[in-house]
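Trainee: Just dropping this structure here.
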Amino acid sequence: GAGVSQTPSNKVTEKGKYVELRCDPISGHTALYWYRQSLGQGPEFLIYFQGTGAADDSGLPNDRFFAVRPEGSVSTLKIQRTERGDSAVYLCASSSQGTGTGLSTQYFGPGTRLLVL
Amino acid sequence: DAKTTQPTSMDCAEGRAANLPCNHSTISGNEYVYWYRQIHSQGPQYIIHGLKNNETNEMASLIITEDRKSSTLILPHATLRDTAVYYCIVRVSNTGKLIFGQGTTLQVKP
């Protein structure tokens, strides 16, 4: 079956611009996660959705970062006033359930490579 | 979440077993051990997870010590395609996020 997909695969923007990154989770998965991976580092958690609501947004670095999941499926990560330090690979993952009744494996997409010039 | 410690890099000969160690001495009773790997320019790929019993699937085996303070991921017959960064993660059962460390870069050589 189809896995997690992310668009665009690559995005080049200029400092100060606004960008949107999209994630399509595996069909039926209620939990969705965003991570950011800088060069040479492991992925870093940003935000976790259970359904439409953000269950944990403790990883968002500042208020320039925002994510939505209005219908509980597709999610968009939005970055305002981009800075060169925002350059990274942005990864999305989904799982069939989040927490509570038990752990559920997270399946990752290929990522969006963001370069801020 | 408990911290994990892994060697920075390892080499393995093609066809041999690759044994990747992980220390998680501060692990708590409700924390699971997860392994993911990341091949260059791809998203992390789930391998296996366990709580206290040893686990095996089509990709690998996971051996967890009795005191749960360390574990070993075993790839029984490594191939060149297993060259990747391998992450050992300790995950609390009531939290969604995965906390990745630096991982172990496994280089499988012909």
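Each chain in the structure tokens gets a letter, A, B and so on, in the order shown; residues start at 1 in every chain, and ligands are counted from 1 in the order they appear.
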Could you list, as number ranges by chain, every residue within 9 Å of stretch 42-59 of chain A, counting only C-alpha atoms and ignoring same-chain residues fewer than 2 positions away?

Mentor: A: 29-40, 61-62, 67-73, 75, 89-91, 97-99; B: 44, 87, 95-103

Trainee: Write out as an NGL selection string each polymer residue whose atoms come within 7 Å of stretch 38-41 of chain B, counting only C-alpha atoms; drop sequence neighbours fewer than 5 positions from it.

Mentor: :B and (83-86)

Trainee: Could you check which of A:Thr76, A:Asn10, A:Ser87, A:Ser27 is closest to chain B, using only C-alpha atoms?

Mentor: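 Using only C-alpha atoms, the shortest distance to chain B belongs to A:Asn10.
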
Trainee: Taking 5 positions as the minimum chain separation for residues in the same chain, which residues sit within 8 Å of B:Pro76 when counting only C-alpha atoms? Answer as a list in words.

Mentor: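 My reading of the contact set: Arg16, Ala17, Ala18, Ala60 and Ser61 of chain B.
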
Trainee: Store the residues of this selection in a file with N, CA, C and O atoms, as a short mmCIF file (atom, residue, chain, number, x, y, z; two decimals), in the first residue's frame.

Mentor:
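As a result, part39.cif now contains:
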```cif
data_model
loop_
_atom_site.label_atom_id
_atom_site.label_comp_id
_atom_site.auth_asym_id
_atom_site.auth_seq_id
_atom_site.Cartn_x
_atom_site.Cartn_y
_atom_site.Cartn_z
N ARG B 16 28.17 -11.49 6.77
CA ARG B 16 28.34 -11.79 8.19
C ARG B 16 27.23 -11.12 9.00
O ARG B 16 26.52 -10.26 8.51
N ALA B 17 27.11 -11.56 10.25
CA ALA B 17 26.13 -10.94 11.13
C ALA B 17 26.65 -9.58 11.61
O ALA B 17 27.82 -9.45 11.96
N ALA B 18 25.76 -8.62 11.64
CA ALA B 18 26.09 -7.31 12.19
C ALA B 18 25.41 -7.20 13.55
O ALA B 18 24.19 -7.40 13.66
N ALA B 60 15.39 -8.39 11.40
CA ALA B 60 16.43 -8.41 12.42
C ALA B 60 15.95 -9.12 13.67
O ALA B 60 14.77 -9.47 13.79
N SER B 61 16.89 -9.27 14.60
CA SER B 61 16.57 -9.75 15.94
C SER B 61 17.00 -8.69 16.94
O SER B 61 17.98 -7.97 16.73
#
```

Trainee: Can you pull out every residue within 7 Å of A:Ile26, counting only C-alpha atoms, but drop anything in the same chain fewer than 5 positions away, and send it as a ChimeraX atom specification?

Mentor: /A:2-4,94

Trainee: With distances taken over only C-alpha atoms, which of A:Gly85, A:Gln41, A:Thr112, A:Tyr18 is nearest to chain B?

Mentor: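 Closest to chain B, using only C-alpha atoms: A:Gln41.
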
Trainee: Given only C-alpha atoms as the basis, pick out the residue of B:Arg91, B:Pro21, B:Ile63, B:Asp82 nearest to chain A.

Mentor: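 Closest to chain A, using only C-alpha atoms: B:Arg91.
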
Trainee: Using only C-alpha atoms for the distances, tell me which of A:Leu115, A:Leu77, A:Thr13, A:Ser96 is nearest to chain B.

Mentor: A:Ser96

Trainee: When you look at B:Asn57 with a cut-off of 10 Å (counting only C-alpha atoms), what residues show up, excluding the ones that are within fewer than 4 positions of it in the same chain? I need them as a PyMOL selection string.

Mentor: chain B and resi 47-49+61-62

Trainee: Would you compute the distance between atom CA of A:Pro110 and atom CA of B:Ala13? Give it in Å to one decimal.

Mentor: 28.0 Å

Trainee: Any idea what's packed within 7 Å of B:Tyr46, counting only C-alpha atoms, ignoring anything in its chain fewer than 6 positions away? Could you give it as a list of chain:residue names?

Mentor: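 Those residues are A:Tyr107, B:Trp35, B:Tyr36, B:Arg37.
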
Trainee: Pick the closest to B:Gln107 from B:Asn30, B:Ile89, B:Leu80, B:Glu66: which is it, counting only C-alpha atoms?

Mentor: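 Nearest to B:Gln107: B:Leu80.
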